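Novice: For reference, the file upload09.cif (mmCIF, C-alpha atoms) is included below:
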```cif
data_entry
loop_
_atom_site.label_atom_id
_atom_site.label_comp_id
_atom_site.auth_asym_id
_atom_site.auth_seq_id
_atom_site.Cartn_x
_atom_site.Cartn_y
_atom_site.Cartn_z
CA MET H 979 21.06 34.98 20.94
CA THR H 980 23.28 32.17 22.27
CA GLU H 981 22.09 29.56 24.76
CA GLN H 982 24.34 31.17 27.41
CA GLN H 983 22.62 34.55 26.95
CA LYS H 984 19.16 33.06 27.57
CA SER H 985 17.93 33.47 31.12
CA GLU H 986 16.46 30.74 33.27
CA ILE H 987 13.01 31.52 34.61
CA LEU H 988 12.20 31.60 38.31
CA GLN H 989 9.40 29.21 39.32
CA GLY H 990 6.89 31.79 40.54
CA THR H 991 7.59 33.93 37.49
CA LEU H 992 6.85 31.02 35.16
CA ASP H 993 3.50 30.46 36.93
CA LEU H 994 2.61 34.10 36.31
CA MET H 995 3.67 33.97 32.64
CA VAL H 996 1.71 30.75 32.02
CA LEU H 997 -1.43 32.21 33.62
CA LYS H 998 -1.10 35.42 31.59
CA THR H 999 -0.43 33.51 28.35
CA LEU H 1000 -3.56 31.39 28.83
CA ASP H 1001 -5.59 34.46 29.81
CA ALA H 1002 -4.49 36.29 26.66
CA MET H 1003 -4.39 33.42 24.14
CA GLY H 1004 -7.06 31.01 25.34
CA SER H 1005 -6.65 27.24 25.57
CA MET H 1006 -3.20 25.93 24.50
CA HIS H 1007 -1.06 22.81 24.82
CA GLY H 1008 2.14 22.84 26.89
CA TYR H 1009 4.58 23.11 23.99
CA GLY H 1010 2.57 26.01 22.54
CA ILE H 1011 2.63 27.85 25.89
CA ALA H 1012 6.42 27.41 26.17
CA ARG H 1013 7.01 28.59 22.60
CA ARG H 1014 4.74 31.62 23.07
CA ILE H 1015 6.63 32.73 26.19
CA GLU H 1016 9.94 32.33 24.31
CA GLN H 1017 8.58 34.32 21.34
CA ILE H 1018 7.29 37.15 23.52
CA SER H 1019 10.69 37.35 25.23
CA ALA H 1020 12.33 37.66 21.77
CA GLU H 1021 14.05 34.35 22.59
CA ALA H 1022 15.74 35.92 25.68
CA LEU H 1023 14.07 33.34 27.94
CA ALA H 1024 14.59 29.60 27.63
CA VAL H 1025 11.58 27.55 28.70
CA ASN H 1026 12.71 24.03 29.57
CA GLN H 1027 10.12 21.44 28.51
CA GLY H 1028 10.39 19.54 31.81
CA THR H 1029 9.97 22.76 33.77
CA ILE H 1030 6.86 23.86 31.85
CA TYR H 1031 5.12 20.53 32.41
CA LEU H 1032 5.91 20.55 36.15
CA CYS H 1033 4.50 24.07 36.26
CA LEU H 1034 1.33 22.99 34.42
CA ILE H 1035 0.82 20.05 36.81
CA ARG H 1036 1.25 22.39 39.80
CA LEU H 1037 -1.22 24.94 38.36
CA VAL H 1038 -3.80 22.20 37.68
CA GLN H 1039 -3.42 20.94 41.27
CA LYS H 1040 -4.03 24.48 42.55
CA LYS H 1041 -7.10 24.65 40.26
CA TRP H 1042 -5.73 27.80 38.58
CA ILE H 1043 -5.88 26.04 35.19
CA SER H 1044 -7.84 23.10 33.79
CA ALA H 1045 -6.60 20.37 31.46
CA THR H 1046 -8.48 18.48 28.75
CA TRP H 1047 -7.33 16.11 26.01
CA GLY H 1048 -7.64 17.27 22.42
CA VAL H 1049 -5.92 17.11 19.05
CA SER H 1050 -3.05 19.49 18.21
CA GLU H 1051 -2.60 21.33 14.92
CA ASN H 1052 -0.34 18.50 13.65
CA ASN H 1053 -3.07 15.94 14.43
CA ARG H 1054 -1.48 14.53 17.60
CA LYS H 1055 -3.23 13.86 20.89
CA ALA H 1056 -2.30 16.65 23.32
CA LYS H 1057 -3.41 18.01 26.67
CA PHE H 1058 -4.83 21.52 26.38
CA TYR H 1059 -4.76 23.92 29.30
CA ALA H 1060 -7.12 26.83 30.06
CA ILE H 1061 -7.17 29.39 32.86
CA THR H 1062 -9.99 29.00 35.40
CA LYS H 1063 -11.96 31.64 37.31
CA ARG H 1064 -9.74 30.93 40.33
CA GLY H 1065 -6.69 31.28 38.05
CA ARG H 1066 -7.84 34.71 36.82
CA LYS H 1067 -8.18 35.86 40.42
CA GLN H 1068 -4.68 34.56 41.19
CA LEU H 1069 -3.32 36.23 38.04
CA LEU H 1070 -4.59 39.57 39.30
CA THR H 1071 -2.96 39.02 42.71
CA GLU H 1072 0.33 37.79 41.20
CA THR H 1073 0.43 40.72 38.75
CA GLU H 1074 0.00 43.24 41.57
CA ASN H 1075 2.72 41.49 43.61
CA TRP H 1076 5.09 41.40 40.63
CA GLU H 1077 4.57 45.08 39.85
CA ARG H 1078 5.20 46.01 43.49
CA VAL H 1079 8.40 43.92 43.71
CA ALA H 1080 9.64 45.13 40.31
CA GLY H 1081 9.10 48.72 41.44
CA VAL H 1082 11.15 48.16 44.59
CA ILE H 1083 13.95 46.43 42.63
CA GLY H 1084 13.96 49.35 40.18
CA LYS H 1085 14.37 51.82 43.04
CA VAL H 1086 17.20 49.80 44.61
CA LEU H 1087 19.06 49.55 41.29
CA LYS H 1088 18.89 53.35 40.88
CA LEU H 1089 20.64 53.96 44.21
CA GLU H 1090 23.78 56.01 43.77
CA PRO H 1091 27.04 54.63 45.18
CA SER H 1092 28.07 56.28 48.42
CA GLU H 1093 31.39 57.99 48.82
CA ARG H 1094 33.74 56.10 51.10
#
```
Please express the file's structure as structure tokens.

Specialist:
Amino acid sequence: MTEQQKSEILQGTLDLMVLKTLDAMGSMHGYGIARRIEQISAEALAVNQGTIYLCLIRLVQKKWISATWGVSENNRKAKFYAITKRGRKQLLTETENWERVAGVIGKVLKLEPSER
């Protein structure tokens, strides 16, 4: 897939994907989270490194995730993120909202063109 075919991710959507990734995978560092989202999307989504770190800072400030220093698999100091109890509650809310909005968008896209 070319860079032009990769889609940018909307801010709220990235929050949801980060929360779900941490919920499913456990504690991870920022680069690992970004790579996992790209892998799951079959490389259809591009996760900008600057964007992921701004998202992680925002989620820590909201207390939806926690951050602790640790050592990565290549023996480098890295900040590891984990979903919190408050984050799991938000994940449930965000998932319900996303499913509702996606359902509405699906219905709108199936509308037949009217005859003029």

Novice: Residues within 12 Å of segment 1050-1055 of chain H, please, as a PDB file with C-alpha atoms, keeping the file's coordinate frame. Count all atoms listed in the file; anything in the same chain fewer than 3 positions from it doesn't count.

Specialist:
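File selection_29.pdb, as written:
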```
ATOM      1  CA  SER H1005      -6.650  27.240  25.570  1.00  0.00           C
ATOM      2  CA  MET H1006      -3.200  25.930  24.500  1.00  0.00           C
ATOM      3  CA  HIS H1007      -1.060  22.810  24.820  1.00  0.00           C
ATOM      4  CA  GLY H1008       2.140  22.840  26.890  1.00  0.00           C
ATOM      5  CA  TYR H1009       4.580  23.110  23.990  1.00  0.00           C
ATOM      6  CA  GLY H1010       2.570  26.010  22.540  1.00  0.00           C
ATOM      7  CA  THR H1046      -8.480  18.480  28.750  1.00  0.00           C
ATOM      8  CA  TRP H1047      -7.330  16.110  26.010  1.00  0.00           C
ATOM      9  CA  PHE H1058      -4.830  21.520  26.380  1.00  0.00           C
TER      10      PHE H1058
END
```

Novice: Output the residue selection produced by the PyMOL selection byres ((chain H and resi 1027) around 12) on the file above, formatted as a list in words.

Specialist: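 After applying the PyMOL selection byres ((chain H and resi 1027) around 12), what remains is His1007, Gly1008, Tyr1009, Gly1010, Ile1011, Ala1012, Arg1013, Glu1016, Ala1024, Val1025, Asn1026, Gly1028, Thr1029, Ile1030, Tyr1031, Leu1032, Cys1033 and Leu1034 of chain H.
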
Novice: Just to confirm, what's the straight-line distance from atom CA of Ala1056 of chain H to atom CA of Ser1044 of chain H in Å (one decimal)?

Specialist: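 Interatomic distance here is 13.5 Å.
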
Novice: Nearest to Val1038 of chain H: which of H:Ile1015, H:Ile1061, H:Leu1000, H:Val1086 is it, counting all atoms listed in the file?

Specialist: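 Closest to Val1038 of chain H, using all atoms listed in the file: H:Ile1061.
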
Novice: Would you mind listing what lies within 10 Å of Trp1076 of chain H as a list in words, with all atoms listed in the file counted and same-chain residues fewer than 6 positions away left out?

Specialist: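 Here the qualifying residues turn out to be Gly990, Thr991, Leu994, Leu1070 and Val1082 of chain H.
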
Novice: Hey, can you check how far atom CA of Arg1014 of chain H sits from atom CA of Ile1043 of chain H?

Specialist: 17.1 Å

Novice: So which one's closest to Ala1060 of chain H, H:Leu1023, H:Ile1018, H:Ala1002, H:Ile1083? Using only C-alpha atoms, please.

Specialist: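 Selected residue with least distance to Ala1060 of chain H: H:Ala1002.
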
Novice: State, in Å with one decimal place, the distance from atom CA of Glu1021 of chain H to atom CA of Ala1080 of chain H.

Specialist: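 Between atom CA of Glu1021 of chain H and atom CA of Ala1080 of chain H the gap works out to 21.2 Å.
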
Novice: Nearest residue to Met995 of chain H out of H:Gly1081, H:Arg1036, H:Glu1072, H:Ala1045, using all atoms listed in the file?

Specialist: H:Glu1072

Novice: Please check which residues have atoms at most 10 Å from (-9.5, 35.9, 34.7) in the file's coordinates, counting all atoms listed in the file, and write them as a PyMOL selection string.

Specialist: chain H and resi 997-998+1000-1002+1042+1061-1070

Novice: Calculated over only C-alpha atoms, which of the candidates H:Thr1071, H:Ala1022, H:Leu1089, H:Leu1037 has the smallest distance to Val996 of chain H?

Specialist: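 Under the stated criterion, the closest residue is H:Leu1037.
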
Novice: Out of H:Glu1093, H:Lys1040, H:Ala1020, H:Gly1004, which residue has the shortest atom-to-atom distance to Tyr1059 of chain H when counting only C-alpha atoms?

Specialist: H:Gly1004
